Every structure is written in C-alpha cells, then in structure tokens.
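entry.cif follows; it contains mmCIF, C-alpha atoms (C1' of nucleotides).
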```cif
data_query
loop_
_atom_site.label_atom_id
_atom_site.label_comp_id
_atom_site.auth_asym_id
_atom_site.auth_seq_id
_atom_site.Cartn_x
_atom_site.Cartn_y
_atom_site.Cartn_z
CA MET A 239 170.93 25.96 311.30
CA VAL A 240 167.33 24.75 311.38
CA ARG A 241 167.05 21.35 313.03
CA ARG A 242 164.83 18.60 311.67
CA ASN A 243 164.34 16.05 314.43
CA GLU A 244 160.53 15.94 314.34
CA GLN A 245 160.13 14.17 317.65
CA ARG A 246 162.09 16.83 319.40
CA ARG A 247 160.22 19.55 317.57
CA ALA A 248 156.91 18.12 318.78
CA ALA A 249 158.20 17.97 322.34
CA LEU A 250 159.19 21.61 322.10
CA VAL A 251 155.78 22.64 320.77
CA ASP A 252 154.05 20.78 323.59
CA ALA A 253 156.35 22.45 326.07
CA ALA A 254 155.40 25.77 324.50
CA ILE A 255 151.74 25.05 325.23
CA GLU A 256 152.51 24.45 328.89
CA VAL A 257 154.49 27.66 329.08
CA LEU A 258 151.69 29.58 327.39
CA ALA A 259 149.17 28.37 329.93
CA ARG A 260 151.42 28.92 332.91
CA GLU A 261 153.12 32.18 332.05
CA GLY A 262 151.08 33.78 329.33
CA ALA A 263 151.91 34.73 325.77
CA ARG A 264 154.59 37.17 326.74
CA GLY A 265 156.25 34.58 328.88
CA LEU A 266 156.69 32.37 325.86
CA THR A 267 160.39 32.76 325.14
CA PHE A 268 162.83 30.37 323.59
CA ARG A 269 164.52 30.12 326.94
CA ALA A 270 161.31 29.24 328.76
CA VAL A 271 160.50 26.55 326.21
CA ASP A 272 163.98 25.10 326.56
CA THR A 273 163.59 24.93 330.31
CA GLU A 274 160.11 23.43 330.16
CA ALA A 275 161.19 20.78 327.70
CA ALA A 276 164.31 20.12 329.77
CA VAL A 277 166.63 20.59 326.84
CA PRO A 278 169.74 22.74 326.77
CA VAL A 279 169.46 26.48 326.38
CA GLY A 280 169.44 27.47 322.74
CA THR A 281 167.64 24.39 321.43
CA ALA A 282 164.37 26.17 320.67
CA SER A 283 166.37 28.86 318.95
CA ASN A 284 167.68 26.18 316.65
CA TYR A 285 164.27 24.73 315.88
CA PHE A 286 162.14 27.77 315.25
CA ALA A 287 162.97 30.66 313.01
CA SER A 288 161.16 33.21 315.15
CA ARG A 289 158.79 33.67 318.02
CA ASP A 290 155.96 34.03 315.52
CA ASP A 291 156.85 30.67 314.09
CA LEU A 292 156.73 29.04 317.50
CA LEU A 293 153.46 30.74 318.39
CA THR A 294 151.77 29.70 315.19
CA GLN A 295 152.83 26.08 315.51
CA ALA A 296 151.65 26.03 319.11
CA GLY A 297 148.27 27.36 318.02
CA ALA A 298 147.84 24.65 315.44
CA ARG A 299 148.94 21.98 317.88
CA VAL A 300 146.51 22.96 320.63
CA TYR A 301 143.63 22.46 318.24
CA GLU A 302 144.90 19.06 317.23
CA ARG A 303 145.08 18.00 320.85
CA LEU A 304 141.67 19.35 321.73
CA GLN A 305 139.95 17.02 319.32
CA PRO A 306 138.06 14.21 321.06
CA ASP A 307 139.67 10.80 320.81
CA GLU A 308 138.25 7.68 319.16
CA ALA A 309 136.82 6.23 322.36
CA THR A 310 134.86 9.37 323.11
CA ILE A 311 133.40 9.50 319.64
CA ALA A 312 132.41 5.84 319.84
CA ARG A 313 130.69 6.41 323.16
CA GLN A 314 128.78 9.30 321.67
CA ARG A 315 127.58 7.17 318.77
CA ALA A 316 126.28 4.60 321.22
CA ALA A 317 124.30 7.12 323.25
CA GLY A 318 120.67 8.12 322.84
CA ARG A 319 119.25 10.74 320.50
CA ASP A 320 117.06 12.81 322.78
CA ARG A 321 117.71 16.07 324.55
CA GLU A 322 118.47 14.28 327.79
CA ALA A 323 121.33 12.43 326.15
CA TYR A 324 122.39 15.66 324.46
CA ALA A 325 122.64 17.43 327.80
CA ALA A 326 124.66 14.61 329.29
CA LEU A 327 126.97 14.82 326.30
CA MET A 328 127.45 18.53 326.77
CA ARG A 329 128.15 18.18 330.47
CA GLU A 330 130.79 15.64 329.60
CA LEU A 331 132.19 17.97 326.95
CA VAL A 332 132.59 20.84 329.38
CA GLY A 333 134.26 18.54 331.86
CA ARG A 334 136.60 17.13 329.24
CA VAL A 335 137.71 20.45 327.82
CA ALA A 336 138.07 22.02 331.24
CA ALA A 337 140.18 19.03 332.24
CA PHE A 338 142.57 19.98 329.48
CA ARG A 339 143.27 23.10 331.43
CA THR A 340 146.62 24.03 329.95
CA GLY A 341 145.46 23.53 326.39
CA TYR A 342 142.42 25.69 326.80
CA LEU A 343 144.25 28.42 328.66
CA ALA A 344 146.96 28.39 326.02
CA LEU A 345 144.26 28.88 323.44
CA LEU A 346 142.94 31.91 325.24
CA GLU A 347 146.41 33.37 325.48
CA LEU A 348 146.83 32.79 321.78
CA ARG A 349 143.54 34.52 321.02
CA LEU A 350 144.72 37.58 322.89
CA GLU A 351 148.08 37.42 321.22
CA ALA A 352 146.32 37.15 317.87
CA THR A 353 145.05 40.63 318.55
CA ARG A 354 148.58 41.84 317.87
CA ARG A 355 149.80 39.28 315.34
CA PRO A 356 148.05 39.06 311.98
CA GLU A 357 149.77 35.84 311.03
CA LEU A 358 148.59 34.08 314.16
CA ARG A 359 145.13 35.57 313.77
CA LYS A 360 144.89 34.06 310.33
CA VAL A 361 145.84 30.60 311.54
CA LEU A 362 143.47 30.72 314.49
CA THR A 363 140.58 32.05 312.45
CA GLU A 364 140.88 29.14 310.06
CA ARG A 365 141.06 26.65 312.90
CA VAL A 366 138.07 28.04 314.72
CA ARG A 367 136.01 28.18 311.55
CA ALA A 368 136.90 24.59 310.80
CA ASP A 369 135.98 23.67 314.34
CA VAL A 370 132.57 25.29 314.05
CA ASP A 371 131.94 23.65 310.70
CA ALA A 372 133.06 20.27 312.01
CA ASN A 373 130.77 20.52 314.98
CA VAL A 374 127.81 21.42 312.82
CA ALA A 375 128.56 18.64 310.35
CA TYR A 376 129.08 16.09 313.08
CA HIS A 377 125.87 17.11 314.71
CA GLU A 378 123.91 16.83 311.51
CA ALA A 379 125.27 13.35 310.93
CA SER A 380 124.55 12.27 314.48
CA GLY A 381 120.78 12.42 314.41
CA LEU A 382 120.65 14.54 317.54
CA PRO A 383 117.87 17.11 317.68
CA GLY A 384 118.44 20.81 316.94
CA ASP A 385 119.68 22.87 314.00
CA ALA A 386 123.00 24.49 313.08
CA THR A 387 122.12 27.65 314.98
CA ALA A 388 121.61 25.58 318.11
CA VAL A 389 125.05 24.05 317.72
CA LYS A 390 126.65 27.46 317.37
CA LEU A 391 124.76 28.91 320.30
CA LEU A 392 125.73 25.98 322.46
CA MET A 393 129.36 26.43 321.48
CA LEU A 394 129.24 30.08 322.49
CA THR A 395 127.58 29.39 325.80
CA LEU A 396 129.74 26.47 326.80
CA ASN A 397 132.93 28.21 325.77
CA TRP A 398 132.35 31.03 328.18
CA LEU A 399 131.22 28.64 330.88
CA ILE A 400 134.58 26.93 330.52
CA VAL A 401 136.39 30.26 330.68
CA GLU A 402 134.51 31.02 333.84
CA GLN A 403 135.41 27.70 335.35
CA LEU A 404 139.07 27.90 334.43
CA THR A 405 139.73 31.52 335.36
CA LEU A 406 137.33 32.27 338.21
CA PRO A 407 136.14 28.89 339.45
CA ASP A 408 134.30 30.30 342.45
CA VAL A 409 131.80 32.42 340.54
CA PHE A 410 129.57 29.41 339.93
CA THR A 411 129.50 26.19 341.89
CA GLU A 412 129.85 22.92 340.05
CA ALA A 413 126.17 22.24 340.58
CA GLU A 414 125.27 25.60 339.06
CA ARG A 415 127.47 24.90 336.08
CA ASP A 416 125.78 21.55 335.51
CA HIS A 417 122.42 23.18 335.83
CA LEU A 418 123.37 25.88 333.32
CA VAL A 419 124.55 23.31 330.80
CA THR A 420 121.33 21.35 331.13
CA ALA A 421 119.21 24.46 330.85
CA ALA A 422 121.20 25.64 327.85
CA VAL A 423 120.50 22.42 325.98
CA GLU A 424 116.85 22.39 326.97
CA ARG A 425 116.26 25.91 325.74
CA ILE A 426 118.60 26.26 322.81
CA VAL A 427 117.92 22.90 321.24
CA THR A 428 114.38 23.25 319.99
CA ALA A 429 112.65 20.35 318.30
CA GLU A 430 112.41 20.92 314.57
CA MET B 154 157.25 57.18 349.54
CA VAL B 155 153.69 56.42 348.47
CA ARG B 156 152.14 59.35 346.63
CA ARG B 157 148.57 60.46 347.25
CA ASN B 158 147.54 62.65 344.35
CA GLU B 159 144.30 60.84 343.45
CA GLN B 160 143.85 62.42 340.05
CA ARG B 161 147.26 61.28 338.98
CA ARG B 162 146.67 57.87 340.46
CA ALA B 163 143.48 57.51 338.42
CA ALA B 164 145.29 58.57 335.28
CA LEU B 165 147.91 55.94 335.94
CA VAL B 166 145.30 53.22 336.47
CA ASP B 167 143.57 54.15 333.23
CA ALA B 168 146.90 54.07 331.46
CA ALA B 169 147.43 50.62 332.95
CA ILE B 170 144.20 49.43 331.33
CA GLU B 171 145.37 50.60 327.93
CA VAL B 172 148.69 48.87 328.40
CA LEU B 173 146.94 45.67 329.48
CA ALA B 174 144.82 45.62 326.35
CA ARG B 175 147.66 46.49 324.03
CA GLU B 176 150.54 44.50 325.44
CA GLY B 177 149.03 41.89 327.72
CA ALA B 178 149.37 41.26 331.41
CA ARG B 179 153.06 40.59 331.27
CA GLY B 180 153.63 43.82 329.43
CA LEU B 181 152.16 45.73 332.31
CA THR B 182 155.27 47.19 333.93
CA PHE B 183 155.73 50.37 335.87
CA ARG B 184 157.79 51.70 333.02
CA ALA B 185 155.11 50.97 330.43
CA VAL B 186 152.49 52.68 332.54
CA ASP B 187 154.71 55.72 332.94
CA THR B 188 155.17 55.93 329.20
CA GLU B 189 151.47 55.42 328.44
CA ALA B 190 150.44 58.08 330.94
CA ALA B 191 153.19 60.40 329.63
CA VAL B 192 154.69 60.96 333.05
CA PRO B 193 158.35 60.73 334.02
CA VAL B 194 159.98 57.37 334.52
CA GLY B 195 159.59 56.20 338.09
CA THR B 196 156.21 57.81 338.76
CA ALA B 197 154.22 54.59 338.81
CA SER B 198 156.87 53.17 341.12
CA ASN B 199 156.02 55.96 343.52
CA TYR B 200 152.27 55.38 343.36
CA PHE B 201 151.91 51.64 343.64
CA ALA B 202 153.54 49.41 346.18
CA SER B 203 153.85 46.49 343.80
CA ARG B 204 152.78 45.11 340.49
CA ASP B 205 150.06 43.16 342.24
CA ASP B 206 148.73 46.38 343.65
CA LEU B 207 148.60 47.98 340.22
CA LEU B 208 146.97 44.91 338.68
CA THR B 209 144.30 44.70 341.34
CA GLN B 210 143.40 48.37 341.06
CA ALA B 211 143.23 48.08 337.30
CA GLY B 212 140.87 45.13 337.63
CA ALA B 213 138.51 47.03 339.87
CA ARG B 214 138.63 50.06 337.61
CA VAL B 215 137.78 48.19 334.43
CA TYR B 216 134.59 46.97 336.01
CA GLU B 217 133.63 50.45 337.09
CA ARG B 218 134.10 51.69 333.58
CA LEU B 219 132.22 48.81 331.96
CA GLN B 220 129.02 49.70 333.75
CA PRO B 221 126.41 51.26 331.45
CA ASP B 222 125.94 54.97 331.87
CA GLU B 223 122.79 56.78 332.97
CA ALA B 224 121.59 57.54 329.46
CA THR B 225 121.77 53.89 328.45
CA ILE B 226 119.79 52.79 331.47
CA ALA B 227 117.15 55.44 330.84
CA ARG B 228 116.81 54.32 327.24
CA GLN B 229 116.35 50.75 328.39
CA ARG B 230 113.60 51.77 330.78
CA ALA B 231 111.77 53.47 327.95
CA ALA B 232 111.91 50.45 325.66
CA GLY B 233 109.29 47.75 325.25
CA ARG B 234 108.89 44.61 327.32
CA ASP B 235 108.66 41.87 324.74
CA ARG B 236 111.28 39.53 323.39
CA GLU B 237 111.69 41.65 320.29
CA ALA B 238 112.76 44.61 322.41
CA TYR B 239 114.89 42.28 324.50
CA ALA B 240 116.77 41.11 321.44
CA ALA B 241 117.35 44.67 320.28
CA LEU B 242 118.67 45.49 323.71
CA MET B 243 121.10 42.59 323.62
CA ARG B 244 122.33 43.49 320.17
CA GLU B 245 123.01 46.97 321.44
CA LEU B 246 124.75 45.54 324.50
CA VAL B 247 127.12 43.44 322.43
CA GLY B 248 127.89 46.43 320.26
CA ARG B 249 128.50 48.66 323.23
CA VAL B 250 130.79 46.32 325.10
CA ALA B 251 132.69 45.38 321.99
CA ALA B 252 133.13 49.09 321.29
CA PHE B 253 134.93 49.36 324.62
CA ARG B 254 137.59 47.19 323.14
CA THR B 255 140.49 48.02 325.43
CA GLY B 256 138.43 47.61 328.58
CA TYR B 257 137.13 44.23 327.59
CA LEU B 258 140.48 42.95 326.40
CA ALA B 259 142.09 44.20 329.59
CA LEU B 260 139.51 42.19 331.49
CA LEU B 261 140.39 39.05 329.61
CA GLU B 262 144.05 39.60 330.29
CA LEU B 263 143.23 40.05 333.95
CA ARG B 264 141.22 36.85 334.02
CA LEU B 265 144.18 34.94 332.68
CA GLU B 266 146.50 36.67 335.08
CA ALA B 267 144.10 35.80 337.90
CA THR B 268 144.99 32.20 337.16
CA ARG B 269 148.37 32.90 338.72
CA ARG B 270 147.49 35.56 341.31
CA PRO B 271 145.14 34.62 344.14
CA GLU B 272 144.70 38.21 345.27
CA LEU B 273 143.57 39.33 341.85
CA ARG B 274 141.37 36.27 341.51
CA LYS B 275 139.60 37.20 344.70
CA VAL B 276 138.90 40.73 343.52
CA LEU B 277 137.69 39.61 340.11
CA THR B 278 135.50 36.84 341.50
CA GLU B 279 133.70 39.33 343.70
CA ARG B 280 133.25 41.76 340.82
CA VAL B 281 131.91 39.14 338.45
CA ARG B 282 129.54 37.74 341.06
CA ALA B 283 128.25 41.23 341.77
CA ASP B 284 127.84 41.78 338.05
CA VAL B 285 125.80 38.60 337.63
CA ASP B 286 123.65 39.46 340.63
CA ALA B 287 123.13 43.00 339.43
CA ASN B 288 122.07 41.82 336.01
CA VAL B 289 119.60 39.35 337.48
CA ALA B 290 118.20 41.94 339.88
CA TYR B 291 117.96 44.58 337.21
CA HIS B 292 116.23 42.16 334.94
CA GLU B 293 113.71 41.14 337.56
CA ALA B 294 112.89 44.78 338.23
CA SER B 295 112.58 45.60 334.55
CA GLY B 296 109.54 43.52 333.72
CA LEU B 297 111.25 41.86 330.80
CA PRO B 298 110.31 38.25 330.17
CA GLY B 299 112.49 35.33 331.26
CA ASP B 300 113.92 34.02 334.52
CA ALA B 301 117.29 34.28 336.28
CA THR B 302 118.62 31.27 334.44
CA ALA B 303 117.86 32.98 331.16
CA VAL B 304 119.82 36.04 332.24
CA LYS B 305 122.82 33.94 333.16
CA LEU B 306 122.69 31.91 329.97
CA LEU B 307 122.48 35.06 327.91
CA MET B 308 125.47 36.50 329.74
CA LEU B 309 127.49 33.39 328.97
CA THR B 310 126.53 33.33 325.33
CA LEU B 311 127.06 37.01 324.67
CA ASN B 312 130.36 37.11 326.53
CA TRP B 313 131.86 34.54 324.24
CA LEU B 314 130.35 36.19 321.21
CA ILE B 315 132.16 39.35 322.21
CA VAL B 316 135.40 37.45 322.72
CA GLU B 317 134.97 36.02 319.26
CA GLN B 318 134.36 39.43 317.76
CA LEU B 319 137.28 41.09 319.53
CA THR B 320 139.89 38.41 319.03
CA LEU B 321 138.97 36.68 315.75
CA PRO B 322 136.53 39.04 314.04
CA ASP B 323 136.45 37.09 310.80
CA VAL B 324 135.03 33.87 312.20
CA PHE B 325 131.50 35.25 312.08
CA THR B 326 130.24 38.09 309.94
CA GLU B 327 128.41 40.93 311.58
CA ALA B 328 125.15 39.63 310.17
CA GLU B 329 125.79 36.21 311.67
CA ARG B 330 126.54 37.75 315.02
CA ASP B 331 123.30 39.70 314.97
CA HIS B 332 121.42 36.59 313.97
CA LEU B 333 123.00 34.63 316.81
CA VAL B 334 122.08 37.28 319.36
CA THR B 335 118.49 37.30 318.17
CA ALA B 336 118.26 33.53 318.15
CA ALA B 337 119.81 33.36 321.61
CA VAL B 338 117.14 35.63 323.05
CA GLU B 339 114.35 33.82 321.25
CA ARG B 340 115.39 30.43 322.53
CA ILE B 341 116.81 31.14 325.93
CA VAL B 342 114.15 33.57 327.08
CA THR B 343 111.14 31.36 327.49
CA ALA B 344 107.81 32.83 328.55
CA GLU B 345 107.05 32.00 332.15
"C1'" DT C 93 160.30 77.18 356.61
"C1'" DT C 94 158.44 72.93 355.89
"C1'" DG C 95 156.26 69.22 353.62
"C1'" DA C 96 154.54 66.98 349.63
"C1'" DC C 97 155.20 66.07 345.18
"C1'" DA C 98 157.26 66.17 340.26
"C1'" DC C 99 161.05 65.02 338.02
"C1'" DC C 100 165.71 63.23 336.98
"C1'" DA C 101 169.80 60.33 337.25
"C1'" DC C 102 172.06 56.51 338.34
"C1'" DT C 103 173.11 51.76 339.73
"C1'" DC C 104 172.07 47.10 339.89
"C1'" DC C 105 170.17 43.12 338.09
"C1'" DA C 106 167.54 39.81 335.40
"C1'" DT C 107 166.41 37.95 331.11
"C1'" DG C 108 166.66 36.94 326.39
"C1'" DT C 109 168.83 36.37 321.70
"C1'" DG C 110 171.89 34.74 318.32
"C1'" DT C 111 175.77 32.37 317.18
"C1'" DA C 112 180.34 30.35 317.26
"C1'" DG C 113 182.37 26.45 318.57
"C1'" DT C 114 182.84 21.80 320.70
"C1'" DA C 115 181.29 17.06 321.69
"C1'" DC C 116 178.78 13.18 320.57
"C1'" DT C 117 176.61 9.59 317.72
"C1'" DA C 118 175.27 7.04 313.74
"C1'" DC C 119 176.30 5.50 309.61
"C1'" DG C 120 178.58 4.64 305.33
"C1'" DT C 121 183.12 3.63 303.17
"C1'" DT C 122 187.21 1.24 302.52
"C1'" DA D 297 187.54 -3.01 312.18
"C1'" DA D 298 189.14 1.65 311.45
"C1'" DC D 299 188.08 5.90 309.70
"C1'" DG D 300 185.64 9.92 308.01
"C1'" DT D 301 181.68 12.64 307.68
"C1'" DA D 302 177.28 14.69 308.53
"C1'" DG D 303 173.92 15.99 311.49
"C1'" DT D 304 172.66 17.01 315.86
"C1'" DA D 305 173.14 17.97 320.98
"C1'" DC D 306 175.06 20.89 323.90
"C1'" DT D 307 177.90 24.87 325.87
"C1'" DA D 308 179.60 29.40 326.28
"C1'" DC D 309 179.78 33.96 325.33
"C1'" DA D 310 178.94 38.57 323.54
"C1'" DC D 311 175.55 41.75 323.20
"C1'" DA D 312 171.33 44.12 324.03
"C1'" DT D 313 167.24 45.34 326.43
"C1'" DG D 314 164.45 46.63 329.89
"C1'" DG D 315 162.99 47.14 334.37
"C1'" DA D 316 163.27 48.08 339.56
"C1'" DG D 317 164.40 50.89 343.12
"C1'" DT D 318 166.28 54.85 345.27
"C1'" DG D 319 168.53 59.17 346.41
"C1'" DG D 320 168.52 63.68 345.38
"C1'" DT D 321 167.08 68.26 343.56
"C1'" DG D 322 163.76 71.52 342.10
"C1'" DT D 323 159.13 73.60 342.81
"C1'" DC D 324 155.06 75.13 344.89
"C1'" DA D 325 151.92 76.19 348.48
"C1'" DA D 326 150.45 76.49 353.21
#
```
Conversion result in structure tokens:
Amino acid sequence: MVRRNEQRRAALVDAAIEVLAREGARGLTFRAVDTEAAVPVGTASNYFASRDDLLTQAGARVYERLQPDEATIARQRAAGRDREAYAALMRELVGRVAAFRTGYLALLELRLEATRRPELRKVLTERVRADVDANVAYHEASGLPGDATAVKLLMLTLNWLIVEQLTLPDVFTEAERDHLVTAAVERIVTAE
Amino acid sequence: MVRRNEQRRAALVDAAIEVLAREGARGLTFRAVDTEAAVPVGTASNYFASRDDLLTQAGARVYERLQPDEATIARQRAAGRDREAYAALMRELVGRVAAFRTGYLALLELRLEATRRPELRKVLTERVRADVDANVAYHEASGLPGDATAVKLLMLTLNWLIVEQLTLPDVFTEAERDHLVTAAVERIVTAE
DNA sequence: TTGACACCACTCCATGTGTAGTACTACGTT
DNA sequence: AACGTAGTACTACACATGGAGTGGTGTCAA
C-alpha cells in the first residue's frame, strides 16, 4: 500500500539526498534510505513505487533546496551594482553552494544517473533550464551589468569551479579559487 | 596469484572504463569487468589486488587516453594565432572531448568516487594538476593570445559545458553551445 | 619437467526486494 | 466511557541476485 504521510515522505526524500551524496546513485536503495532516515526497514518500499520514483523526487527536491533563501536575496538587493559587487556576490555564491556539499554532490550523481534514465533526464533538464532562465531573469531585473550570455558563461565557469572544489579540493587553493571567480566576473561581464 | 600479462591487464583496464561510464562507480565490480572484457569469470580477481587498485589504474588510464593525439597537436600548430582561430580550436576541443563520451563520463564517476577514496583522490589530483599545468605551458609556447588565468578560466567553462552536453544534452542546443564557446574565448581571452 | 597462465567450479556471504502479518494510535460512533 | 475501524508503523520472512575468493585442472612454452 502506498503511504501518504507527507512529513515522513519528505524526510525520506531528504535522507535519499544524503545517501546519494555519500554512496552514489547505485548506493541509493530503499534499505539505505530507511537506515539513513532511521525508520524501520521496508518503510521506503511503502512510500515509493520504484527506485525511479525515488530518484526523480530526490532530483526535484535538491533543486528546491538549492534555491537561495529570502535573507540572501534581500542582501543582494541591498548591494551595489558595479562589477566589484558582482564579483563579491559570485564569491559568496560559490561558497554557499559548495557549503551545501551533499546537495550538490547528489545533483552530480543524478546527472550521471540521468545518462541511463530517460525519465530522470527529463525532470533534470526541465529544472536546469528553469534555473538558467531564472538566473537570467533575476539578473536582468537586478540592474547588475552584463548580458544574458555573461550570466550563462558565469554559470558554466562557477559550476565547474564548485565541482573542482568538492571533488578534488587540492587542485586549486582557496585563494586561487577566489582569484578565478574575480577574474571570471571581470572578463565575462563586459559593460554594455 | 597476481597475473602479469600486460596486454590482458590493459584490456581489463579499458573494459573497466567502459563499465564506469555505463554503470557508474558502484557498478564497477570484478565480475562486470570480466564480462565487459569477455574473459572468464574470476580473471579480474587474478589481476587486481583490490577494487581500489582497479579504480586507481582506471583513473590513470582515462587521463592517458584523453590526451590529444599527434595529428591534433600538429593541426593546432599550423593554425592561426588570433582569437578567431582560438575560438575554432576550442569548439573543436569541446567536440573532441565530448565525442570521447565514455572516457569523460568515467572521469566524472571517478571524481565522485574520489570523494570517498583518498587514494584515488590523490591520483586524480595529481593528474588534474598536471593537466592544468600542461595546458598553461602549451598555451604559453603556442603564441596564442591570453594569459594563464585565461587558460584556466576557459578550462573551467568548457569542462562544465561538456558535462552539460553529455548529461543533459537538451538544455542547450548545439548552436547555443557553439555560441557560448565563441563568446567565452572572446571575453576571457583579453589581449595583453 | 616446470612454471605461468587461462579457465572453470564451487562455496560462502552480503544485500536488496516485496509482502504478509502484527501492533499501535487516533478518531468517530454509540 | 467503551468499542470498532482505518490508516499507519513496524517486523519477519521468503526469495533472488550478485559478487568475492580460492582451489584445482588443463595448456603451452621454455
């Protein structure tokens, strides 16, 4: 029987994200989720029809949780409008996303898993597209310098910088990473 | 007993790369490698002391195979020295790496696995550092415009673009990807 | 003949799934 | 207040899968 306790379902999905980050996509089993969420064996089985179901819901959830919170947005609105402020913003962004280690790693695992699962690929593609569009729209409304291409290029660059930091942290030092973020903004964001 | 037939060992490592790309890091078992390499069950067991051993060797091998071949390097030497030529080069690079789908995906899987395996992380960190250094050195010797920071920024940007293409190909169209590569070179590579 | 290797067979063990069945709890009814 | 019922939490089990490791036999070449 499919269970309907939404609070418990959410706890299971969050547990799934932790498992994804820690053990990888193939380690994401009903059993592992049960253990992570500290619920009895078999619970996840009761809440999700299939592994695909669980995976897809986890994918959607990670994106929800990666959105910046109200306070962060407010702080951004209060900041300046020049490239200096932009760079500071981006450095903060990299730090914030990288701090959400498990979420970001789970996302990477899901991307790789999407390679094999069309249903998941569909969900992730929509999410990522929406994310790109939202960033461009937000940027345009913010009055910060630079065009849509600059926003996309920055997203590409910073994404890989985060991957680098999370998977092989010793390739670049923290100072180098900060320098790269600053340089990226300086060069990519051209005055219009 | 540890076997020493190097040809067979290489075949097994290459098979491991295919398995990594297709099934993920957790799918990389001795059995799966045996099957992929079409050798009897138990062979990989005889050739590698442990799963860590196999993983580490696979990581090193992927990097060997991702290096451009002689012909590509020669073609690059013959090309022009302006940003236009640079952009064309980068578009070709993205195409070439993305065409090596299994190798690149295997690398991503290994990066994620490196999160959990210090030994593998060490090997990969050295490889990636060497790769960055080699790219910077090659660039400086080539006479192309732009500084070391530009090379690193381009590597970051293009790496994620490739991830995007390989994992969620429908987020950007091919035309958009080409446009992004061109724009990246134009903006990141500043004249000195 | 001896040594290295390919190949095969077998045992042991870990892990996961699905589901039947039991226990608990809340809530509505009388 | 006592009872019944529904939904859920939890447990246990049956079944299946897959992988590791190892001992042994066959084969080939020096």
Report task. Please measure the separation of CA of Leu314 (chain B) and CA of Arg330 (chain B), giving the value in Å to one decimal. Result ->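 So the answer is 7.4 Å.
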Can you tell me which residues surround DT103 (chain C) at a distance of at most 12 Å, considering only C-alpha atoms (C1' of nucleotides), apart from same-chain residues fewer than 4 positions away, and format the answer as a PDB file with C-alpha atoms (C1' of nucleotides), keeping the file's coordinate frame?
```pdb
ATOM      1  C1'  DA D 316     163.270  48.080 339.560  1.00  0.00           C
ATOM      2  C1'  DG D 317     164.400  50.890 343.120  1.00  0.00           C
ATOM      3  C1'  DT D 318     166.280  54.850 345.270  1.00  0.00           C
ATOM      4  C1'  DG D 319     168.530  59.170 346.410  1.00  0.00           C
TER       5       DG D 319
END
```
Query - Residues within 12 Å of DA308 (chain D), all atoms listed in the file, excluding chain neighbours under 5 positions, as JSON, numbers by chain - result: {"A": [278, 279, 280], "C": [111, 112, 113, 114]}
Report task. Report the residues retrieved by the PyMOL selection byres ((chain A and resi 296) around 10) from the displayed file, expressed as a PyMOL selection string. Result -> chain A and resi 248+250-256+258+290-295+297-302+341+344-345+348+358
Per residue of chain B within 8 Å of chain A, record the nearest atom pair and its distance in Å to one decimal, counting only C-alpha atoms, with rows in chain order and ascending residue number, as a tab-separated table.
```
residue	atom	partner	partner_atom	distance
B:Arg175	CA	A:Arg354	CA	7.8
B:Gly177	CA	A:Arg264	CA	7.4
B:Ala178	CA	A:Gly262	CA	7.9
B:Arg179	CA	A:Arg264	CA	5.9
B:Gly180	CA	A:Arg264	CA	7.2
B:Leu258	CA	A:Leu350	CA	7.7
B:Glu262	CA	A:Leu350	CA	7.7
B:Arg264	CA	A:Thr405	CA	5.7
B:Leu265	CA	A:Thr405	CA	6.2
B:Glu266	CA	A:Gly262	CA	7.9
B:Ala267	CA	A:Thr405	CA	6.6
B:Thr268	CA	A:Thr405	CA	5.6
B:Arg269	CA	A:Arg260	CA	7.7
B:Arg274	CA	A:Leu406	CA	6.6
B:Leu277	CA	A:Leu406	CA	7.6
B:Thr278	CA	A:Val409	CA	5.8
B:Glu279	CA	A:Val409	CA	7.8
B:Val281	CA	A:Val409	CA	7.0
B:Arg282	CA	A:Val409	CA	5.8
B:Thr302	CA	A:Leu418	CA	7.3
B:Leu306	CA	A:Ala422	CA	6.8
B:Leu307	CA	A:Thr395	CA	7.9
B:Leu309	CA	A:Thr395	CA	5.1
B:Thr310	CA	A:Thr395	CA	4.1
B:Leu311	CA	A:Leu394	CA	7.6
B:Asn312	CA	A:Trp398	CA	6.6
B:Trp313	CA	A:Trp398	CA	5.3
B:Leu314	CA	A:Leu394	CA	6.3
B:Leu319	CA	A:Thr353	CA	7.8
B:Thr320	CA	A:Thr353	CA	5.6
B:Leu321	CA	A:Thr363	CA	5.9
B:Asp323	CA	A:Thr363	CA	6.7
B:Val324	CA	A:Arg367	CA	5.8
B:Leu333	CA	A:Leu391	CA	6.9
B:Ala336	CA	A:Thr387	CA	7.7
B:Ala337	CA	A:Leu391	CA	6.8
B:Arg340	CA	A:Ile426	CA	5.3
B:Ile341	CA	A:Arg425	CA	5.3
B:Thr343	CA	A:Arg425	CA	7.7
```
Where does chain D meet chain A within 9 Å, residue by residue, with the nearest atom pair and distance in Å to one decimal for each, counting only C-alpha atoms (C1' of nucleotides), listed by chain and rising number, as CSV?
```
residue,atom,partner,partner_atom,distance
D:DG303,C1',A:Arg241,CA,8.8
D:DT304,C1',A:Arg241,CA,7.6
D:DA305,C1',A:Pro278,CA,8.2
D:DC306,C1',A:Pro278,CA,6.3
D:DT307,C1',A:Pro278,CA,8.5
```
Report task. Give me the result of the PyMOL selection byres ((chain C) within 9 of (chain A)) on this file, residue by residue, as a ChimeraX atom specification. Result -> /C:108-110
Query raised in the report: Could you spell out the hits of the PyMOL selection byres ((chain C and resi 121) around 10) on the shown file, as a list in words?
Result: DC119, DG120 and DT122 of chain C; DC299 and DG300 of chain D
Requested in this report: Using all atoms listed in the file, find the one residue out of D:DG315, D:DT301, D:DG322, D:DC309 that sits nearest to DC105 (chain C).
Outcome: D:DG315
